[in-house]
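Working notes for the structure below.
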Amino acid sequence: MKTEKTVSSETVYKGRVLTLKKDEITTPDGKIGIREVVEHGGGAAILAVKDGKALIERQYRYALKKEIYEIPAGKRESGEDFSVTAKRELEEETGYIPLDLAKLTEIYPSPGYTDEKIEIYLATEFQKGSKHFDETEYLTSEWMDLDKIYDMIRIGEITDAKTVVAFLAYAKNL
């Protein structure tokens, strides 16, 4: 396998969610290049399914300037196991605590510029907990028929990558 080697690395920005680095690299054939890399601690998403329905959220995403459909998900705390993140985020965002949890898959949403990894889990049994949104987080959630969700994916109404992958993985694991 051919790899690129880092010559130098500069931290351009360090925030609470991500770090942006500008790296000078050499390619396998000796050319010099620049790579801008977003370092991100990763996250977890959870596909909650029961009785032919799945739990779907609608949330405004500032970067897109619109509301989109997603499965519950969130940022992993430093050193936290991805499954712990998934459980925490499901309860915080929907008020449901998963009683079972199985890893469906993991994805790298945009490996051309970020090292972010998202692990996606499936839960099918729940107990009631309580919602606790982050201070500036606003979302709604509802149980939606699986056939309707697959139709929404097919026509481009659901376009969030982790959500589309979760439903694809679920369909192929039945």
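Following the order of the structure tokens, chains are lettered A, B, ..., residues in each are numbered from 1, and ligands are numbered from 1.
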Close residues, Gln59 in chain A itself excluded, 7 Å, only C-alpha atoms, min 5 positions apart in chain, as a count of residues only: 6
Write out as a PDB file with C-alpha atoms, in the first residue's frame all residues of range 14-142 of chain A that backbone DSSP assigns to helix (DSSP H, G or I).
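See selection.pdb below for the written result:
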ATOM      1  CA  PHE A  82     -19.125   4.287  21.112  1.00  0.00           C
ATOM      2  CA  SER A  83     -21.941   2.116  22.528  1.00  0.00           C
ATOM      3  CA  VAL A  84     -22.113   4.324  25.630  1.00  0.00           C
ATOM      4  CA  THR A  85     -22.446   7.367  23.360  1.00  0.00           C
ATOM      5  CA  ALA A  86     -25.277   5.685  21.450  1.00  0.00           C
ATOM      6  CA  LYS A  87     -27.207   4.846  24.646  1.00  0.00           C
ATOM      7  CA  ARG A  88     -26.691   8.324  26.090  1.00  0.00           C
ATOM      8  CA  GLU A  89     -27.759  10.118  22.929  1.00  0.00           C
ATOM      9  CA  LEU A  90     -30.907   8.020  22.469  1.00  0.00           C
ATOM     10  CA  GLU A  91     -32.125   8.867  25.953  1.00  0.00           C
ATOM     11  CA  GLU A  92     -31.067  12.533  25.810  1.00  0.00           C
ATOM     12  CA  GLU A  93     -32.767  13.153  22.461  1.00  0.00           C
ATOM     13  CA  THR A  94     -35.832  10.874  22.632  1.00  0.00           C
TER      14      THR A  94
END
CA of Glu57 in chain A and CA of Ile71 in chain A, how far apart in Å? 5.9 Å
Nearest-residue call for Ala54 in chain A, choices A:Lys2, A:Asp100, A:Gly33, A:Glu70, using only C-alpha atoms: A:Glu70
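Among the candidates A:Glu137, A:Glu39, A:Glu4, A:Glu142, the residue lying nearest to Lys117 in chain A is A:Glu39 (atoms considered: only C-alpha atoms).
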From a backbone DSSP assignment, name each residue in range 20-90 of chain A labelled strand (DSSP E or B), as JSON, numbers by chain. {"A": [20, 21, 22, 23, 24, 25, 26, 32, 33, 34, 35, 36, 37, 38, 39, 40, 43, 44, 45, 46, 47, 48, 49, 50, 53, 54, 55, 56, 57, 58, 59, 60, 61, 66, 67, 68, 69, 70, 73, 74, 75]}
How would the residues just chosen look if you wrote them out with C-alpha atoms as a CSV table (one decimal), in the first residue's frame?
chain,number,residue,atom,x,y,z
A,20,LEU,CA,-8.4,21.8,11.9
A,21,LYS,CA,-4.8,21.0,10.8
A,22,LYS,CA,-2.9,22.0,7.7
A,23,ASP,CA,-0.3,19.4,6.9
A,24,GLU,CA,2.5,19.4,4.3
A,25,ILE,CA,3.0,15.9,2.9
A,26,THR,CA,5.1,13.9,0.5
A,32,ILE,CA,4.9,17.8,-2.0
A,33,GLY,CA,1.3,18.5,-1.2
A,34,ILE,CA,-1.0,20.1,1.4
A,35,ARG,CA,-3.7,18.3,3.3
A,36,GLU,CA,-6.3,20.1,5.4
A,37,VAL,CA,-7.6,17.7,8.0
A,38,VAL,CA,-10.5,18.0,10.4
A,39,GLU,CA,-9.8,15.9,13.5
A,40,HIS,CA,-13.0,14.8,15.2
A,43,GLY,CA,-19.8,9.8,17.3
A,44,ALA,CA,-22.4,7.2,17.5
A,45,ALA,CA,-25.9,6.8,16.0
A,46,ILE,CA,-28.7,4.5,17.0
A,47,LEU,CA,-31.4,3.0,14.9
A,48,ALA,CA,-34.4,2.4,17.2
A,49,VAL,CA,-36.9,0.0,15.6
A,50,LYS,CA,-40.1,-1.5,17.1
A,53,LYS,CA,-41.5,1.6,12.9
A,54,ALA,CA,-38.3,3.5,13.5
A,55,LEU,CA,-37.6,6.5,15.6
A,56,ILE,CA,-36.8,9.5,13.4
A,57,GLU,CA,-35.8,13.0,14.4
A,58,ARG,CA,-36.2,16.3,12.6
A,59,GLN,CA,-33.5,18.8,13.5
A,60,TYR,CA,-32.3,22.1,12.2
A,61,ARG,CA,-28.7,21.9,11.0
A,66,LYS,CA,-32.5,23.7,7.0
A,67,GLU,CA,-34.2,21.0,9.0
A,68,ILE,CA,-33.4,17.4,8.1
A,69,TYR,CA,-34.4,13.9,9.1
A,70,GLU,CA,-31.9,11.8,11.1
A,73,ALA,CA,-26.8,10.5,17.2
A,74,GLY,CA,-24.2,12.5,18.9
A,75,LYS,CA,-20.6,13.3,19.6
